[in-house]
Amino acid sequence: MREISDRQGENKVTKSGTRDLTSGSPMKLIWQFAIPLIFGNLFQQLYNMVDTVIVGRALGLSALTAVGATGPVNFLIIGFALGTCNGLAIPVARQFGAKRYDSMRAYVMNAAYLSAGLAVVLTLLTTILCDNILTWMKTPAEIFQGSYDYFFVICLGIPFTILYNVVSGVIRALGDSKTPFYFLVLSTFLNIGLDFLFILGFQMGIAGAAWATITAQAVAGILCFLYMRRTYEVLRSNQEERRVRGRYLGELAWTAFPMGLQFSVTAIGSIMLQSAVNGLDVLYVSAFAAGAKVKQLAMCPFEALATACATFGSQNLGAGRIDRIRKGLGSGILIGFIYAVLMGILLVTAGSVIAWMFVERSEVEVLAEVQHYMTWLGVFFWMLAILNCTRMTIQGLGYSGIAVFAGISELIARGLVSLLLVPRLGFTGVCIADPAAWLAATLIVVPVFAVIIRKLGNLPKTVSRNEDVRISKNK
């Protein structure tokens, strides 16, 4: 009966927009899978952009700087949550590629239990330590209260952030990258409306922007979850599949937490850099905050392509199609490199113009330093195509523990620049930090992937779809 049910679930989920990435052109599949992710990431950035634009225009440069100063620590905490959620979806994608739907459902349920616990722990820790965290970051006194008001509310919304990302991660693991995007679009427009209502209508100040963001995230997460339950028959589990299983929890944690840690380790380097910037004049703090917004916007396609490569690699590993993994990565890098060259030219020639979205044109000195920052990023932007796609593919193959070393290398690079170059070169040292971190991480992930793919290439060319390809012991 279960075998028949699985076959029916397979047909149903195919009609619901999922996609088997184990056959067909890797270039076409990755491109089609990445497009909704690219737009989804752009809309995700629109969350932050709308907050920033309205805060900057309605509340002034000081308020904008207060929000921007929380960026690195937001990336540390929210990035850990997002990385962990992405990691929870990897075993699901592997089981889907192998057509082991009973195991897939068990992984989904245990991922839900693990993410719920993570949401409770992160929310409690961050809200309790909010004041201390901003103090450790040497947040300037004149913007401290505004930073606290914004950051505290964002921390309260961590459970909703985790809810949306776990649910959307599971849906993407089934090959459907469109559905999460639709709900994200809906919540983005809701966020825009709530920004105007809370900040301009209710006069809630900086905290209003944060409340608008977490409310919109809650709507996206809840609606996406309800849709998943109603639509994907292949995910409907029985009592046995809903059991808490120590082995599954262990494998999920082994895959997911290193991915979250990798985000956090990278963020620690960013916090060190932010602390170094905070030691400079407020002019540079404002320029760095605005430049970081432009950088996040420009990096959206890289993140989408990297997620596509990870899902592609994970499904094909489950199906035993080792020959396709290298082709998939090459396709992702090629698409990313073309984009990187075009965007790099735009950043070098008009980076400060893009920053007009966040900073008044009359702030000439701030915009000049933003362009200084954008020029350094634009020249080295091509490295992100190689770094992000390769690192996420490694994680998609189950070697997330190894990928943490790339994050450590970024931490070391940013830390050294913050300690050695910023005191000597000032804001130029700040501009050097990101390219140095990208180079350090790229020099690690490229040879690591070569070793991994050679190791996997020694496996039989064709692995039974009913056989679980396990590599966790070799991590």
# chains A, B, ... in the order shown; residues from 1 in each chain; ligands from 1

call {"tool": "residues_around", "arguments": {"residues": "A:Asp131", "least_positions_apart": "2", "cutoff": "12 Å", "atoms": "only C-alpha atoms", "output": "list in words"}}
result
Thr70, Leu125, Thr126, Thr127, Ile128, Leu129, Ile133, Leu134, Thr135, Trp136, Met137, Lys138, Thr139, Phe144, Gln145, Gly146, Ser147, Tyr148, Asp149, Tyr150, Phe151, Phe152 and Cys155 of chain A

call {"tool": "write_last_selection", "arguments": {"atoms": "C-alpha atoms", "output": "PDB file, in the first residue's frame"}}
result
ATOM      1  CA  THR A  70      22.731  46.150  13.454  1.00  0.00           C
ATOM      2  CA  LEU A 125      19.132  34.136  23.939  1.00  0.00           C
ATOM      3  CA  THR A 126      19.011  37.110  21.572  1.00  0.00           C
ATOM      4  CA  THR A 127      16.250  39.031  23.342  1.00  0.00           C
ATOM      5  CA  ILE A 128      17.941  38.593  26.732  1.00  0.00           C
ATOM      6  CA  LEU A 129      21.409  39.561  25.446  1.00  0.00           C
ATOM      7  CA  ILE A 133      25.494  42.402  22.031  1.00  0.00           C
ATOM      8  CA  LEU A 134      25.205  46.010  20.873  1.00  0.00           C
ATOM      9  CA  THR A 135      27.611  47.069  23.640  1.00  0.00           C
ATOM     10  CA  TRP A 136      30.172  44.440  22.580  1.00  0.00           C
ATOM     11  CA  MET A 137      29.916  45.826  19.034  1.00  0.00           C
ATOM     12  CA  LYS A 138      30.888  49.303  20.302  1.00  0.00           C
ATOM     13  CA  THR A 139      27.702  50.792  18.883  1.00  0.00           C
ATOM     14  CA  PHE A 144      22.519  52.971  20.499  1.00  0.00           C
ATOM     15  CA  GLN A 145      18.864  53.314  21.501  1.00  0.00           C
ATOM     16  CA  GLY A 146      17.651  53.262  17.908  1.00  0.00           C
ATOM     17  CA  SER A 147      19.736  50.168  17.173  1.00  0.00           C
ATOM     18  CA  TYR A 148      18.349  48.477  20.277  1.00  0.00           C
ATOM     19  CA  ASP A 149      14.724  49.275  19.389  1.00  0.00           C
ATOM     20  CA  TYR A 150      15.148  47.778  15.914  1.00  0.00           C
ATOM     21  CA  PHE A 151      17.270  44.755  16.825  1.00  0.00           C
ATOM     22  CA  PHE A 152      15.129  43.635  19.778  1.00  0.00           C
ATOM     23  CA  CYS A 155      14.918  39.002  17.459  1.00  0.00           C
TER      24      CYS A 155
END

call {"tool": "select_by_dssp", "arguments": {"residues": "stretch 236-329 of chain A", "states": "alpha helix (DSSP H)", "output": "number ranges by chain"}}
result
A: 246-278, 282-298, 300-318, 322-329

call {"tool": "atom_distance", "arguments": {"atom1": "atom CA of A:Leu190", "atom2": "atom CA of A:Thr65"}}
result
24.4 Å

call {"tool": "residues_around", "arguments": {"residues": "stretch 269-284 of chain A", "least_positions_apart": "5", "cutoff": "6 Å", "atoms": "only C-alpha atoms", "output": "PDB file with C-alpha atoms, in the first residue's frame"}}
result
ATOM      1  CA  PRO A  72      26.362  42.355  10.943  1.00  0.00           C
ATOM      2  CA  MET A 137      29.916  45.826  19.034  1.00  0.00           C
ATOM      3  CA  LEU A 411      36.662  35.321   9.484  1.00  0.00           C
ATOM      4  CA  ARG A 414      38.248  40.119   7.789  1.00  0.00           C
ATOM      5  CA  GLY A 415      39.696  39.981  11.301  1.00  0.00           C
ATOM      6  CA  SER A 418      40.091  44.999  10.740  1.00  0.00           C
TER       7      SER A 418
END

call {"tool": "residues_around", "arguments": {"residues": "A:Val244", "least_positions_apart": "6", "cutoff": "12 Å", "atoms": "only C-alpha atoms", "output": "mmCIF file with N, CA and C atoms, in the first residue's frame"}}
result
data_model
loop_
_atom_site.group_PDB
_atom_site.id
_atom_site.type_symbol
_atom_site.label_atom_id
_atom_site.label_comp_id
_atom_site.auth_asym_id
_atom_site.auth_seq_id
_atom_site.Cartn_x
_atom_site.Cartn_y
_atom_site.Cartn_z
ATOM 1 N N ARG A 105 9.626 11.771 4.220
ATOM 2 C CA ARG A 105 8.626 12.316 5.132
ATOM 3 C C ARG A 105 9.122 12.293 6.574
ATOM 4 N N ALA A 106 9.838 11.237 6.944
ATOM 5 C CA ALA A 106 10.381 11.155 8.306
ATOM 6 C C ALA A 106 11.414 12.257 8.539
ATOM 7 N N TYR A 107 12.234 12.524 7.532
ATOM 8 C CA TYR A 107 13.206 13.613 7.647
ATOM 9 C C TYR A 107 12.498 14.958 7.798
ATOM 10 N N VAL A 108 11.422 15.170 7.048
ATOM 11 C CA VAL A 108 10.685 16.432 7.127
ATOM 12 C C VAL A 108 10.134 16.636 8.537
ATOM 13 N N MET A 109 9.534 15.610 9.120
ATOM 14 C CA MET A 109 8.956 15.742 10.451
ATOM 15 C C MET A 109 10.037 16.002 11.504
ATOM 16 N N ASN A 110 11.153 15.295 11.416
ATOM 17 C CA ASN A 110 12.214 15.507 12.399
ATOM 18 C C ASN A 110 12.902 16.849 12.194
ATOM 19 N N ALA A 111 12.925 17.343 10.957
ATOM 20 C CA ALA A 111 13.428 18.693 10.706
ATOM 21 C C ALA A 111 12.527 19.728 11.376
ATOM 22 N N ALA A 112 11.226 19.479 11.374
ATOM 23 C CA ALA A 112 10.284 20.381 12.036
ATOM 24 C C ALA A 112 10.546 20.439 13.540
ATOM 25 N N TYR A 113 10.787 19.278 14.152
ATOM 26 C CA TYR A 113 11.056 19.243 15.591
ATOM 27 C C TYR A 113 12.348 19.995 15.920
ATOM 28 N N LEU A 114 13.371 19.778 15.102
ATOM 29 C CA LEU A 114 14.664 20.405 15.349
ATOM 30 C C LEU A 114 14.578 21.924 15.189
ATOM 31 N N GLY A 250 20.046 13.286 14.423
ATOM 32 C CA GLY A 250 21.492 13.405 14.411
ATOM 33 C C GLY A 250 22.032 13.765 13.041
#

call {"tool": "residues_around", "arguments": {"residues": "A:Thr161", "least_positions_apart": "5", "cutoff": "8 Å", "atoms": "only C-alpha atoms", "output": "short mmCIF file (atom, residue, chain, number, x, y, z; two decimals) with C-alpha atoms, in the first residue's frame"}}
result
data_model
loop_
_atom_site.label_atom_id
_atom_site.label_comp_id
_atom_site.auth_asym_id
_atom_site.auth_seq_id
_atom_site.Cartn_x
_atom_site.Cartn_y
_atom_site.Cartn_z
CA ILE A 78 19.47 35.35 11.34
CA ALA A 81 18.97 30.36 11.41
CA LEU A 82 18.83 30.58 7.59
CA ILE A 214 8.42 40.37 11.33
CA GLN A 217 7.54 37.23 7.67
CA ALA A 218 4.89 35.64 9.87
CA GLY A 221 5.60 31.49 6.86
#

call {"tool": "atom_distance", "arguments": {"atom1": "atom CA of A:Leu163", "atom2": "atom CA of A:Glu251"}}
result
20.1 Å

call {"tool": "closest_residue", "arguments": {"among": "A:Val422, A:Ala306, A:Val121, A:Ala267", "to": "A:Asn86", "atoms": "only C-alpha atoms"}}
result
A:Ala306

call {"tool": "residues_around", "arguments": {"residues": "stretch 29-41 of chain A", "least_positions_apart": "5", "cutoff": "9 Å", "atoms": "only C-alpha atoms", "output": "number ranges by chain"}}
result
A: 19, 21, 23-24, 46, 172, 175-182, 184-185, 297, 300-309, 312, 328, 331-332, 335

call {"tool": "atom_distance", "arguments": {"atom1": "atom CA of A:Asn132", "atom2": "atom CA of A:Met259"}}
result
25.5 Å
